[in-house]
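Trainee: Supplied structure: final-v3.txt, compact mmCIF, N, CA and C atoms.
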```txt
# COMPACT_ATOMS: atom_id res chain seq x y z
N MET A 968 -7.88 18.14 10.29
CA MET A 968 -6.55 17.84 9.81
C MET A 968 -6.64 16.70 8.80
N GLY A 969 -5.99 16.87 7.66
CA GLY A 969 -6.02 15.87 6.62
C GLY A 969 -5.06 14.73 6.88
N CYS A 970 -5.18 13.72 6.07
CA CYS A 970 -4.32 12.55 6.18
C CYS A 970 -3.86 12.19 4.78
N SER A 971 -2.58 11.89 4.64
CA SER A 971 -2.02 11.51 3.35
C SER A 971 -1.39 10.13 3.45
N ILE A 972 -1.38 9.42 2.34
CA ILE A 972 -0.71 8.12 2.28
C ILE A 972 0.55 8.27 1.42
N HIS A 973 1.58 7.57 1.83
CA HIS A 973 2.83 7.50 1.08
C HIS A 973 3.05 6.03 0.75
N ALA A 974 3.39 5.74 -0.49
CA ALA A 974 3.49 4.34 -0.90
C ALA A 974 4.67 4.12 -1.83
N HIS A 975 5.37 3.03 -1.60
CA HIS A 975 6.49 2.62 -2.45
C HIS A 975 6.27 1.19 -2.90
N VAL A 976 6.53 0.94 -4.15
CA VAL A 976 6.56 -0.44 -4.63
C VAL A 976 7.99 -0.93 -4.48
N GLU A 977 8.13 -2.07 -3.84
CA GLU A 977 9.44 -2.71 -3.68
C GLU A 977 9.39 -4.08 -4.34
N VAL A 978 10.56 -4.58 -4.69
CA VAL A 978 10.67 -5.89 -5.30
C VAL A 978 11.52 -6.77 -4.38
N VAL A 979 10.99 -7.92 -4.05
CA VAL A 979 11.71 -8.88 -3.22
C VAL A 979 12.17 -10.01 -4.14
N ARG A 980 13.49 -10.17 -4.23
CA ARG A 980 14.06 -11.24 -5.06
C ARG A 980 14.57 -12.36 -4.16
N ARG A 981 14.34 -13.56 -4.59
CA ARG A 981 14.73 -14.73 -3.78
C ARG A 981 16.23 -14.77 -3.49
N ASP A 982 17.03 -14.27 -4.40
CA ASP A 982 18.48 -14.37 -4.26
C ASP A 982 19.11 -13.18 -3.52
N ARG A 983 18.31 -12.28 -2.96
CA ARG A 983 18.83 -11.10 -2.27
C ARG A 983 18.31 -11.07 -0.83
N LYS A 984 19.10 -10.48 0.06
CA LYS A 984 18.71 -10.38 1.47
C LYS A 984 17.81 -9.18 1.73
N LYS A 985 17.93 -8.14 0.92
CA LYS A 985 17.13 -6.93 1.10
C LYS A 985 16.25 -6.70 -0.12
N ALA A 986 15.12 -6.09 0.13
CA ALA A 986 14.24 -5.71 -0.96
C ALA A 986 14.88 -4.58 -1.76
N GLU A 987 14.42 -4.39 -2.97
CA GLU A 987 14.89 -3.30 -3.82
C GLU A 987 13.77 -2.29 -4.00
N TYR A 988 14.10 -1.02 -3.84
CA TYR A 988 13.15 0.05 -4.10
C TYR A 988 12.89 0.08 -5.59
N TYR A 989 11.62 0.19 -5.98
CA TYR A 989 11.30 0.26 -7.40
C TYR A 989 10.73 1.64 -7.77
N ALA A 990 9.69 2.08 -7.04
CA ALA A 990 9.07 3.35 -7.40
C ALA A 990 8.20 3.88 -6.27
N GLN A 991 8.13 5.19 -6.18
CA GLN A 991 7.14 5.82 -5.31
C GLN A 991 5.88 5.96 -6.14
N VAL A 992 4.73 5.59 -5.57
CA VAL A 992 3.49 5.60 -6.34
C VAL A 992 2.42 6.41 -5.61
N PRO A 993 1.61 7.15 -6.36
CA PRO A 993 0.56 7.94 -5.72
C PRO A 993 -0.69 7.12 -5.43
N ILE A 994 -1.32 7.42 -4.31
CA ILE A 994 -2.65 6.89 -4.02
C ILE A 994 -3.45 8.08 -3.51
N TYR A 995 -4.33 8.59 -4.34
CA TYR A 995 -5.08 9.78 -3.98
C TYR A 995 -6.46 9.38 -3.47
N ALA A 996 -6.86 9.96 -2.35
CA ALA A 996 -8.16 9.62 -1.77
C ALA A 996 -9.16 10.76 -1.88
N GLY A 997 -8.71 11.99 -2.12
CA GLY A 997 -9.63 13.11 -2.14
C GLY A 997 -10.32 13.25 -0.80
N GLU A 998 -11.60 13.38 -0.82
CA GLU A 998 -12.38 13.49 0.42
C GLU A 998 -12.91 12.15 0.89
N ASP A 999 -12.61 11.08 0.16
CA ASP A 999 -13.13 9.76 0.48
C ASP A 999 -12.01 8.88 0.98
N TYR A 1000 -12.05 8.53 2.26
CA TYR A 1000 -10.98 7.75 2.88
C TYR A 1000 -11.24 6.24 2.86
N THR A 1001 -12.18 5.79 2.04
CA THR A 1001 -12.49 4.36 1.99
C THR A 1001 -11.26 3.53 1.68
N ILE A 1002 -10.42 3.99 0.75
CA ILE A 1002 -9.24 3.22 0.39
C ILE A 1002 -8.27 3.14 1.56
N PHE A 1003 -8.15 4.20 2.36
CA PHE A 1003 -7.28 4.17 3.54
C PHE A 1003 -7.78 3.14 4.54
N THR A 1004 -9.08 3.06 4.69
CA THR A 1004 -9.68 2.09 5.62
C THR A 1004 -9.45 0.67 5.13
N LEU A 1005 -9.64 0.44 3.84
CA LEU A 1005 -9.42 -0.90 3.29
C LEU A 1005 -7.98 -1.36 3.45
N LEU A 1006 -7.04 -0.46 3.22
CA LEU A 1006 -5.63 -0.82 3.28
C LEU A 1006 -5.11 -0.97 4.70
N ALA A 1007 -5.60 -0.10 5.63
CA ALA A 1007 -4.94 -0.08 6.95
C ALA A 1007 -5.83 0.34 8.11
N ASP A 1008 -7.13 0.39 7.93
CA ASP A 1008 -8.04 0.80 9.00
C ASP A 1008 -7.77 2.23 9.47
N VAL A 1009 -7.28 3.07 8.56
CA VAL A 1009 -7.02 4.48 8.85
C VAL A 1009 -8.21 5.29 8.39
N ARG A 1010 -8.66 6.21 9.23
CA ARG A 1010 -9.83 7.07 8.97
C ARG A 1010 -11.11 6.26 8.81
N ASN A 1011 -11.24 5.22 9.58
CA ASN A 1011 -12.43 4.37 9.54
C ASN A 1011 -13.49 4.98 10.47
N PHE A 1012 -14.10 6.05 10.03
CA PHE A 1012 -15.03 6.80 10.86
C PHE A 1012 -16.33 6.04 11.14
N SER A 1013 -16.75 5.21 10.21
CA SER A 1013 -18.03 4.52 10.37
C SER A 1013 -17.90 3.13 10.97
N ASN A 1014 -16.68 2.59 10.98
CA ASN A 1014 -16.45 1.20 11.39
C ASN A 1014 -17.26 0.22 10.55
N PHE A 1015 -17.68 0.66 9.38
CA PHE A 1015 -18.46 -0.16 8.47
C PHE A 1015 -17.56 -1.00 7.56
N VAL A 1016 -16.40 -0.43 7.22
CA VAL A 1016 -15.49 -1.08 6.29
C VAL A 1016 -14.43 -1.85 7.07
N LYS A 1017 -14.25 -3.12 6.72
CA LYS A 1017 -13.25 -3.95 7.38
C LYS A 1017 -11.96 -3.91 6.54
N PRO A 1018 -10.80 -3.66 7.18
CA PRO A 1018 -9.56 -3.62 6.43
C PRO A 1018 -9.17 -4.99 5.87
N ILE A 1019 -8.37 -4.98 4.82
CA ILE A 1019 -7.89 -6.19 4.16
C ILE A 1019 -7.01 -7.01 5.10
N SER A 1020 -6.24 -6.33 5.94
CA SER A 1020 -5.25 -6.99 6.78
C SER A 1020 -5.00 -6.13 8.02
N GLU A 1021 -4.53 -6.76 9.06
CA GLU A 1021 -4.04 -6.01 10.22
C GLU A 1021 -2.77 -5.27 9.79
N LEU A 1022 -2.45 -4.19 10.47
CA LEU A 1022 -1.19 -3.50 10.17
C LEU A 1022 -0.02 -4.44 10.43
N LYS A 1023 0.93 -4.45 9.52
CA LYS A 1023 2.08 -5.36 9.62
C LYS A 1023 3.36 -4.65 10.05
N GLY A 1024 3.34 -3.33 10.08
CA GLY A 1024 4.58 -2.61 10.31
C GLY A 1024 5.43 -2.64 9.05
N LEU A 1025 6.65 -2.11 9.16
CA LEU A 1025 7.55 -2.14 8.01
C LEU A 1025 8.18 -3.52 7.90
N PRO A 1026 8.40 -4.01 6.69
CA PRO A 1026 9.03 -5.33 6.52
C PRO A 1026 10.47 -5.32 7.05
N ALA A 1027 10.93 -6.44 7.56
CA ALA A 1027 12.29 -6.54 8.09
C ALA A 1027 13.34 -6.32 7.00
N ASP A 1028 13.04 -6.70 5.76
CA ASP A 1028 14.01 -6.58 4.66
C ASP A 1028 13.73 -5.35 3.79
N ILE A 1029 13.19 -4.31 4.36
CA ILE A 1029 12.82 -3.10 3.63
C ILE A 1029 14.04 -2.48 2.94
N SER A 1030 13.81 -1.86 1.79
CA SER A 1030 14.90 -1.18 1.08
C SER A 1030 15.31 0.07 1.86
N GLU A 1031 16.55 0.49 1.68
CA GLU A 1031 17.05 1.68 2.39
C GLU A 1031 16.28 2.93 1.98
N THR A 1032 15.94 3.06 0.71
CA THR A 1032 15.18 4.22 0.23
C THR A 1032 13.84 4.33 0.96
N THR A 1033 13.13 3.24 1.04
CA THR A 1033 11.82 3.25 1.70
C THR A 1033 11.98 3.48 3.20
N ARG A 1034 12.99 2.88 3.81
CA ARG A 1034 13.22 3.07 5.25
C ARG A 1034 13.42 4.56 5.57
N LYS A 1035 14.27 5.22 4.78
CA LYS A 1035 14.55 6.64 5.01
C LYS A 1035 13.29 7.49 4.83
N GLU A 1036 12.53 7.19 3.79
CA GLU A 1036 11.32 7.98 3.49
C GLU A 1036 10.24 7.81 4.56
N SER A 1037 10.22 6.67 5.24
CA SER A 1037 9.12 6.35 6.16
C SER A 1037 9.38 6.80 7.59
N ARG A 1038 10.37 7.62 7.81
CA ARG A 1038 10.75 8.01 9.17
C ARG A 1038 10.39 9.46 9.50
N GLY A 1039 9.29 9.95 8.98
CA GLY A 1039 8.87 11.31 9.29
C GLY A 1039 8.28 11.41 10.68
N ARG A 1040 8.25 12.60 11.22
CA ARG A 1040 7.78 12.83 12.58
C ARG A 1040 6.31 12.47 12.76
N ASP A 1041 5.50 12.74 11.76
CA ASP A 1041 4.06 12.49 11.87
C ASP A 1041 3.63 11.18 11.20
N ASP A 1042 4.58 10.38 10.77
CA ASP A 1042 4.24 9.13 10.07
C ASP A 1042 3.67 8.10 11.05
N HIS A 1043 2.69 7.36 10.57
CA HIS A 1043 2.04 6.34 11.40
C HIS A 1043 1.43 5.26 10.52
N SER A 1044 0.97 4.21 11.14
CA SER A 1044 0.24 3.12 10.48
C SER A 1044 1.02 2.52 9.31
N HIS A 1045 2.26 2.15 9.56
CA HIS A 1045 3.11 1.53 8.54
C HIS A 1045 2.64 0.10 8.27
N SER A 1046 2.65 -0.27 7.00
CA SER A 1046 2.28 -1.64 6.65
C SER A 1046 2.73 -1.93 5.22
N TRP A 1047 2.42 -3.11 4.76
CA TRP A 1047 2.71 -3.51 3.39
C TRP A 1047 1.71 -4.57 2.96
N LEU A 1048 1.49 -4.65 1.65
CA LEU A 1048 0.55 -5.62 1.10
C LEU A 1048 1.14 -6.27 -0.15
N SER A 1049 0.81 -7.51 -0.34
CA SER A 1049 1.21 -8.24 -1.54
C SER A 1049 0.27 -7.88 -2.69
N LEU A 1050 0.63 -8.32 -3.88
CA LEU A 1050 -0.22 -8.13 -5.05
C LEU A 1050 -1.58 -8.78 -4.83
N LYS A 1051 -1.59 -9.98 -4.29
CA LYS A 1051 -2.84 -10.70 -4.02
C LYS A 1051 -3.75 -9.89 -3.08
N GLU A 1052 -3.16 -9.31 -2.04
CA GLU A 1052 -3.95 -8.52 -1.09
C GLU A 1052 -4.47 -7.24 -1.73
N LEU A 1053 -3.67 -6.61 -2.59
CA LEU A 1053 -4.13 -5.40 -3.29
C LEU A 1053 -5.29 -5.70 -4.23
N LYS A 1054 -5.23 -6.84 -4.90
CA LYS A 1054 -6.35 -7.24 -5.75
C LYS A 1054 -7.62 -7.43 -4.93
N ARG A 1055 -7.48 -8.01 -3.75
CA ARG A 1055 -8.63 -8.18 -2.86
C ARG A 1055 -9.17 -6.82 -2.41
N ALA A 1056 -8.27 -5.88 -2.12
CA ALA A 1056 -8.70 -4.53 -1.74
C ALA A 1056 -9.48 -3.88 -2.88
N GLN A 1057 -9.01 -4.05 -4.10
CA GLN A 1057 -9.71 -3.47 -5.26
C GLN A 1057 -11.10 -4.08 -5.41
N ARG A 1058 -11.21 -5.40 -5.26
CA ARG A 1058 -12.53 -6.04 -5.36
C ARG A 1058 -13.48 -5.51 -4.28
N ARG A 1059 -12.98 -5.35 -3.08
CA ARG A 1059 -13.82 -4.83 -1.99
C ARG A 1059 -14.20 -3.37 -2.24
N PHE A 1060 -13.26 -2.58 -2.78
CA PHE A 1060 -13.56 -1.19 -3.10
C PHE A 1060 -14.67 -1.13 -4.14
N ILE A 1061 -14.57 -1.96 -5.17
CA ILE A 1061 -15.60 -1.99 -6.22
C ILE A 1061 -16.96 -2.39 -5.62
N ALA A 1062 -16.96 -3.36 -4.73
CA ALA A 1062 -18.22 -3.79 -4.11
C ALA A 1062 -18.85 -2.65 -3.30
N LEU A 1063 -18.02 -1.83 -2.67
CA LEU A 1063 -18.54 -0.72 -1.85
C LEU A 1063 -18.93 0.49 -2.68
N LYS A 1064 -18.12 0.83 -3.67
CA LYS A 1064 -18.28 2.09 -4.40
C LYS A 1064 -18.86 1.94 -5.81
N LYS A 1065 -18.84 0.71 -6.33
CA LYS A 1065 -19.37 0.42 -7.68
C LYS A 1065 -18.47 0.96 -8.80
N TYR A 1066 -17.20 1.25 -8.49
CA TYR A 1066 -16.22 1.62 -9.50
C TYR A 1066 -14.83 1.27 -8.99
N GLU A 1067 -13.86 1.14 -9.93
CA GLU A 1067 -12.50 0.82 -9.55
C GLU A 1067 -11.78 2.05 -9.00
N HIS A 1068 -10.89 1.82 -8.05
CA HIS A 1068 -10.03 2.91 -7.58
C HIS A 1068 -8.91 3.05 -8.62
N TYR A 1069 -8.87 4.19 -9.28
CA TYR A 1069 -7.97 4.40 -10.40
C TYR A 1069 -6.51 4.17 -10.03
N TYR A 1070 -6.05 4.74 -8.93
CA TYR A 1070 -4.64 4.61 -8.54
C TYR A 1070 -4.31 3.17 -8.17
N LEU A 1071 -5.21 2.51 -7.48
CA LEU A 1071 -4.98 1.12 -7.11
C LEU A 1071 -4.90 0.25 -8.36
N LYS A 1072 -5.73 0.53 -9.34
CA LYS A 1072 -5.70 -0.20 -10.60
C LYS A 1072 -4.33 -0.08 -11.27
N ALA A 1073 -3.77 1.13 -11.28
CA ALA A 1073 -2.46 1.36 -11.90
C ALA A 1073 -1.35 0.66 -11.12
N ILE A 1074 -1.42 0.68 -9.80
CA ILE A 1074 -0.40 0.02 -8.97
C ILE A 1074 -0.46 -1.49 -9.18
N ILE A 1075 -1.65 -2.03 -9.24
CA ILE A 1075 -1.80 -3.47 -9.48
C ILE A 1075 -1.20 -3.85 -10.83
N ALA A 1076 -1.45 -3.05 -11.86
CA ALA A 1076 -0.89 -3.32 -13.19
C ALA A 1076 0.64 -3.27 -13.14
N LEU A 1077 1.20 -2.29 -12.46
CA LEU A 1077 2.64 -2.17 -12.33
C LEU A 1077 3.22 -3.41 -11.63
N MET A 1078 2.60 -3.81 -10.53
CA MET A 1078 3.09 -4.95 -9.76
C MET A 1078 2.95 -6.26 -10.54
N LYS A 1079 1.87 -6.41 -11.31
CA LYS A 1079 1.71 -7.60 -12.16
C LYS A 1079 2.87 -7.71 -13.15
N GLY A 1080 3.27 -6.57 -13.69
CA GLY A 1080 4.36 -6.55 -14.65
C GLY A 1080 5.71 -6.91 -14.04
N LEU A 1081 5.86 -6.70 -12.74
CA LEU A 1081 7.12 -6.99 -12.06
C LEU A 1081 7.20 -8.42 -11.53
N GLU A 1082 6.05 -9.05 -11.35
CA GLU A 1082 6.02 -10.36 -10.70
C GLU A 1082 6.47 -11.48 -11.64
N ASN A 1083 7.31 -12.36 -11.11
CA ASN A 1083 7.67 -13.60 -11.79
C ASN A 1083 8.10 -14.62 -10.73
N LYS A 1084 8.63 -15.77 -11.14
CA LYS A 1084 8.96 -16.83 -10.18
C LYS A 1084 9.97 -16.42 -9.13
N SER A 1085 10.92 -15.57 -9.49
CA SER A 1085 11.96 -15.19 -8.52
C SER A 1085 11.80 -13.78 -7.99
N CYS A 1086 10.73 -13.11 -8.35
CA CYS A 1086 10.55 -11.71 -7.98
C CYS A 1086 9.12 -11.46 -7.53
N LYS A 1087 8.97 -11.01 -6.29
CA LYS A 1087 7.65 -10.72 -5.73
C LYS A 1087 7.56 -9.24 -5.36
N PRO A 1088 6.69 -8.49 -6.00
CA PRO A 1088 6.53 -7.08 -5.63
C PRO A 1088 5.62 -6.94 -4.41
N ARG A 1089 5.78 -5.84 -3.71
CA ARG A 1089 4.89 -5.51 -2.59
C ARG A 1089 4.74 -4.00 -2.53
N LEU A 1090 3.65 -3.57 -1.92
CA LEU A 1090 3.41 -2.16 -1.70
C LEU A 1090 3.65 -1.87 -0.23
N VAL A 1091 4.63 -1.03 0.07
CA VAL A 1091 4.93 -0.60 1.43
C VAL A 1091 4.35 0.80 1.57
N PHE A 1092 3.59 1.03 2.63
CA PHE A 1092 2.92 2.33 2.76
C PHE A 1092 2.82 2.75 4.21
N TRP A 1093 2.54 4.05 4.39
CA TRP A 1093 2.35 4.65 5.70
C TRP A 1093 1.56 5.94 5.50
N PHE A 1094 1.15 6.51 6.58
CA PHE A 1094 0.31 7.70 6.54
C PHE A 1094 0.94 8.82 7.36
N ASP A 1095 0.54 10.05 7.07
CA ASP A 1095 0.93 11.18 7.93
C ASP A 1095 -0.26 12.10 8.10
N ASN A 1096 -0.18 12.90 9.11
CA ASN A 1096 -1.26 13.86 9.40
C ASN A 1096 -0.79 15.26 9.10
```
Could you quickly redo this structure as structure tokens?

Mentor:
Amino acid sequence: MGCSIHAHVEVVRRDRKKAEYYAQVPIYAGEDYTIFTLLADVRNFSNFVKPISELKGLPADISETTRKESRGRDDHSHSWLSLKELKRAQRRFIALKKYEHYYLKAIIALMKGLENKSCKPRLVFWFDN
């Protein structure tokens, strides 16, 4: 049985109580689940790769769009990562695989473009079987 990741970029603004949905973004793993393991310890068959962070669950201030999307019957391993944590995941991926993860590179670039003093982007994600 395969495993898929679903990911949304959200923007957290200091002057708002709830995050804002920004975009659904693809993260393709193909037959290599290393990125899933780095992000959330999902499909860690070898126990060789250490995840960037423990699972955090869904953020308390999650956007309504992301909340609705993340409530599927087979959804599991909900979490979120900051831009700083995603950059760390990319560095670790490069150290393991000797190349950048293309989708992660694009998400990092998107989030860099959104970040400023009053706006912090995050990647909210979950998996399904």

Trainee: What does the structure give for the distance between atom C of Ser971 in chain A and atom N of Phe1094 in chain A, in Å to one decimal?

Mentor: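 Between atom C of Ser971 in chain A and atom N of Phe1094 in chain A the gap works out to 5.4 Å.
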
Trainee: When you look at range 1039-1055 of chain A with a cut-off of 6.5 Å (counting all atoms listed in the file), what residues show up, excluding the ones that are within fewer than 4 positions of it in the same chain? I need them as a PDB file with N, CA and C atoms, in the frame of the given file.

Mentor:
```
ATOM      1  N   LEU A1022      -2.450  -4.190  10.470  1.00  0.00           N
ATOM      2  CA  LEU A1022      -1.190  -3.500  10.170  1.00  0.00           C
ATOM      3  C   LEU A1022      -0.020  -4.440  10.430  1.00  0.00           C
ATOM      4  N   LYS A1023       0.930  -4.450   9.520  1.00  0.00           N
ATOM      5  CA  LYS A1023       2.080  -5.360   9.620  1.00  0.00           C
ATOM      6  C   LYS A1023       3.360  -4.650  10.050  1.00  0.00           C
ATOM      7  N   GLY A1024       3.340  -3.330  10.080  1.00  0.00           N
ATOM      8  CA  GLY A1024       4.580  -2.610  10.310  1.00  0.00           C
ATOM      9  C   GLY A1024       5.430  -2.640   9.050  1.00  0.00           C
ATOM     10  N   LEU A1025       6.650  -2.110   9.160  1.00  0.00           N
ATOM     11  CA  LEU A1025       7.550  -2.140   8.010  1.00  0.00           C
ATOM     12  C   LEU A1025       8.180  -3.520   7.900  1.00  0.00           C
ATOM     13  N   PRO A1026       8.400  -4.010   6.690  1.00  0.00           N
ATOM     14  CA  PRO A1026       9.030  -5.330   6.520  1.00  0.00           C
ATOM     15  C   PRO A1026      10.470  -5.320   7.050  1.00  0.00           C
ATOM     16  N   LYS A1035      14.270   5.220   4.780  1.00  0.00           N
ATOM     17  CA  LYS A1035      14.550   6.640   5.010  1.00  0.00           C
ATOM     18  C   LYS A1035      13.290   7.490   4.830  1.00  0.00           C
ATOM     19  N   ARG A1059     -12.980  -5.350  -3.080  1.00  0.00           N
ATOM     20  CA  ARG A1059     -13.820  -4.830  -1.990  1.00  0.00           C
ATOM     21  C   ARG A1059     -14.200  -3.370  -2.240  1.00  0.00           C
ATOM     22  N   PHE A1060     -13.260  -2.580  -2.780  1.00  0.00           N
ATOM     23  CA  PHE A1060     -13.560  -1.190  -3.100  1.00  0.00           C
ATOM     24  C   PHE A1060     -14.670  -1.130  -4.140  1.00  0.00           C
ATOM     25  N   PRO A1088       6.690  -8.490  -6.000  1.00  0.00           N
ATOM     26  CA  PRO A1088       6.530  -7.080  -5.630  1.00  0.00           C
ATOM     27  C   PRO A1088       5.620  -6.940  -4.410  1.00  0.00           C
ATOM     28  N   ARG A1089       5.780  -5.840  -3.710  1.00  0.00           N
ATOM     29  CA  ARG A1089       4.890  -5.510  -2.590  1.00  0.00           C
ATOM     30  C   ARG A1089       4.740  -4.000  -2.530  1.00  0.00           C
ATOM     31  N   LEU A1090       3.650  -3.570  -1.920  1.00  0.00           N
ATOM     32  CA  LEU A1090       3.410  -2.160  -1.700  1.00  0.00           C
ATOM     33  C   LEU A1090       3.650  -1.870  -0.230  1.00  0.00           C
ATOM     34  N   VAL A1091       4.630  -1.030   0.070  1.00  0.00           N
ATOM     35  CA  VAL A1091       4.930  -0.600   1.430  1.00  0.00           C
ATOM     36  C   VAL A1091       4.350   0.800   1.570  1.00  0.00           C
ATOM     37  N   PHE A1092       3.590   1.030   2.630  1.00  0.00           N
ATOM     38  CA  PHE A1092       2.920   2.330   2.760  1.00  0.00           C
ATOM     39  C   PHE A1092       2.820   2.750   4.210  1.00  0.00           C
ATOM     40  N   TRP A1093       2.540   4.050   4.390  1.00  0.00           N
ATOM     41  CA  TRP A1093       2.350   4.650   5.700  1.00  0.00           C
ATOM     42  C   TRP A1093       1.560   5.940   5.500  1.00  0.00           C
ATOM     43  N   PHE A1094       1.150   6.510   6.580  1.00  0.00           N
ATOM     44  CA  PHE A1094       0.310   7.700   6.540  1.00  0.00           C
ATOM     45  C   PHE A1094       0.940   8.820   7.360  1.00  0.00           C
ATOM     46  N   ASP A1095       0.540  10.050   7.070  1.00  0.00           N
ATOM     47  CA  ASP A1095       0.930  11.180   7.930  1.00  0.00           C
ATOM     48  C   ASP A1095      -0.260  12.100   8.100  1.00  0.00           C
ATOM     49  N   ASN A1096      -0.180  12.900   9.110  1.00  0.00           N
ATOM     50  CA  ASN A1096      -1.260  13.860   9.400  1.00  0.00           C
ATOM     51  C   ASN A1096      -0.790  15.260   9.100  1.00  0.00           C
TER      52      ASN A1096
END
```

Trainee: Could you check the closest approach to Tyr995 in chain A for each of A:Ala1007, A:Met1078, A:Leu1071, A:Leu1063 and tell me which residue wins, using all atoms listed in the file?

Mentor: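 Selected residue with least distance to Tyr995 in chain A: A:Leu1071.
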
Trainee: In terms of the shortest atom-to-atom distance over only N, CA and C atoms, which of A:Lys1084, A:Ala1056, A:Arg981, A:Val976 is closest to Ile1002 in chain A?

Mentor: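 Once distances to Ile1002 in chain A are computed over only N, CA and C atoms, the minimum belongs to A:Ala1056.
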
Trainee: Please check which residues have atoms at most 8 Å from (14.8, -4.7, -1.8) in the file's coordinates, counting only N, CA and C atoms, and write them as an MDAnalysis selection string.

Mentor: chainID A and resid 977:980 983:989 1028:1031

Trainee: Compile the contact shell of Val1009 in chain A as a ChimeraX atom specification: residues with an atom at most 8 Å away, counting only N, CA and C atoms, same-chain residues fewer than 4 positions apart removed.

Mentor: /A:1000-1005,1018,1044

Trainee: Return the single residue from A:Ile1074, A:Cys1086, A:Ile1019, A:Ala1027 that is closest to Val992 in chain A, with distances computed using all atoms listed in the file.

Mentor: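 So, comparing all the options, the nearest one is A:Ile1074.
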
Trainee: Using DSSP on the backbone coordinates, identify all residues within range 968-1092 of chain A classified as helix (DSSP H, G or I); present the result as a VMD selection string.

Mentor: chain A and resid 1001 to 1007 1031 to 1036 1050 to 1064 1069 to 1081

Trainee: Could you write out, as a VMD selection string, all the residues of range 1010-1094 of chain A that DSSP marks as strand (DSSP E or B)?

Mentor: chain A and resid 1042 to 1049 1083 1086 to 1094

Trainee: Pick out the closest residue to Gln991 in chain A from this set: A:Leu1006, A:Leu1081, A:Ala974, A:Ile1075. Count only C-alpha atoms.

Mentor: A:Ala974

Trainee: Figure out the distance between CA of Glu1082 in chain A and CA of Asp982 in chain A, please, to one decimal in Å.

Mentor: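 Value for the CA of Asp982 in chain A-CA of Glu1082 in chain A distance: 14.6 Å.
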
Trainee: So how many Å separate atom N of Gly969 in chain A and atom C of Val1016 in chain A, to one decimal?

Mentor: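 Answer for the atom N of Gly969 in chain A to atom C of Val1016 in chain A separation: 20.5 Å.
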
Trainee: Quick one: axis-aligned box around all listed atoms of range 982-986 of chain A, 6 Å on every side, centre and edge lengths in Å to one decimal, written as JSON.

Mentor:
```
{"center_x": 16.7, "center_y": -9.5, "center_z": -1.3, "size_x": 16.9, "size_y": 21.8, "size_z": 18.1}
```

Trainee: For Pro993 in chain A, which residue out of A:Arg1058, A:Gly1080, A:Ile972, A:Thr1033 is the nearest one, using only C-alpha atoms?

Mentor: A:Ile972

Trainee: Return the single residue from A:Asp1008, A:Gln1057, A:His973, A:Glu1067 that is closest to Ile994 in chain A, with distances computed using only C-alpha atoms.

Mentor: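 Using only C-alpha atoms, the shortest distance to Ile994 in chain A belongs to A:His973.
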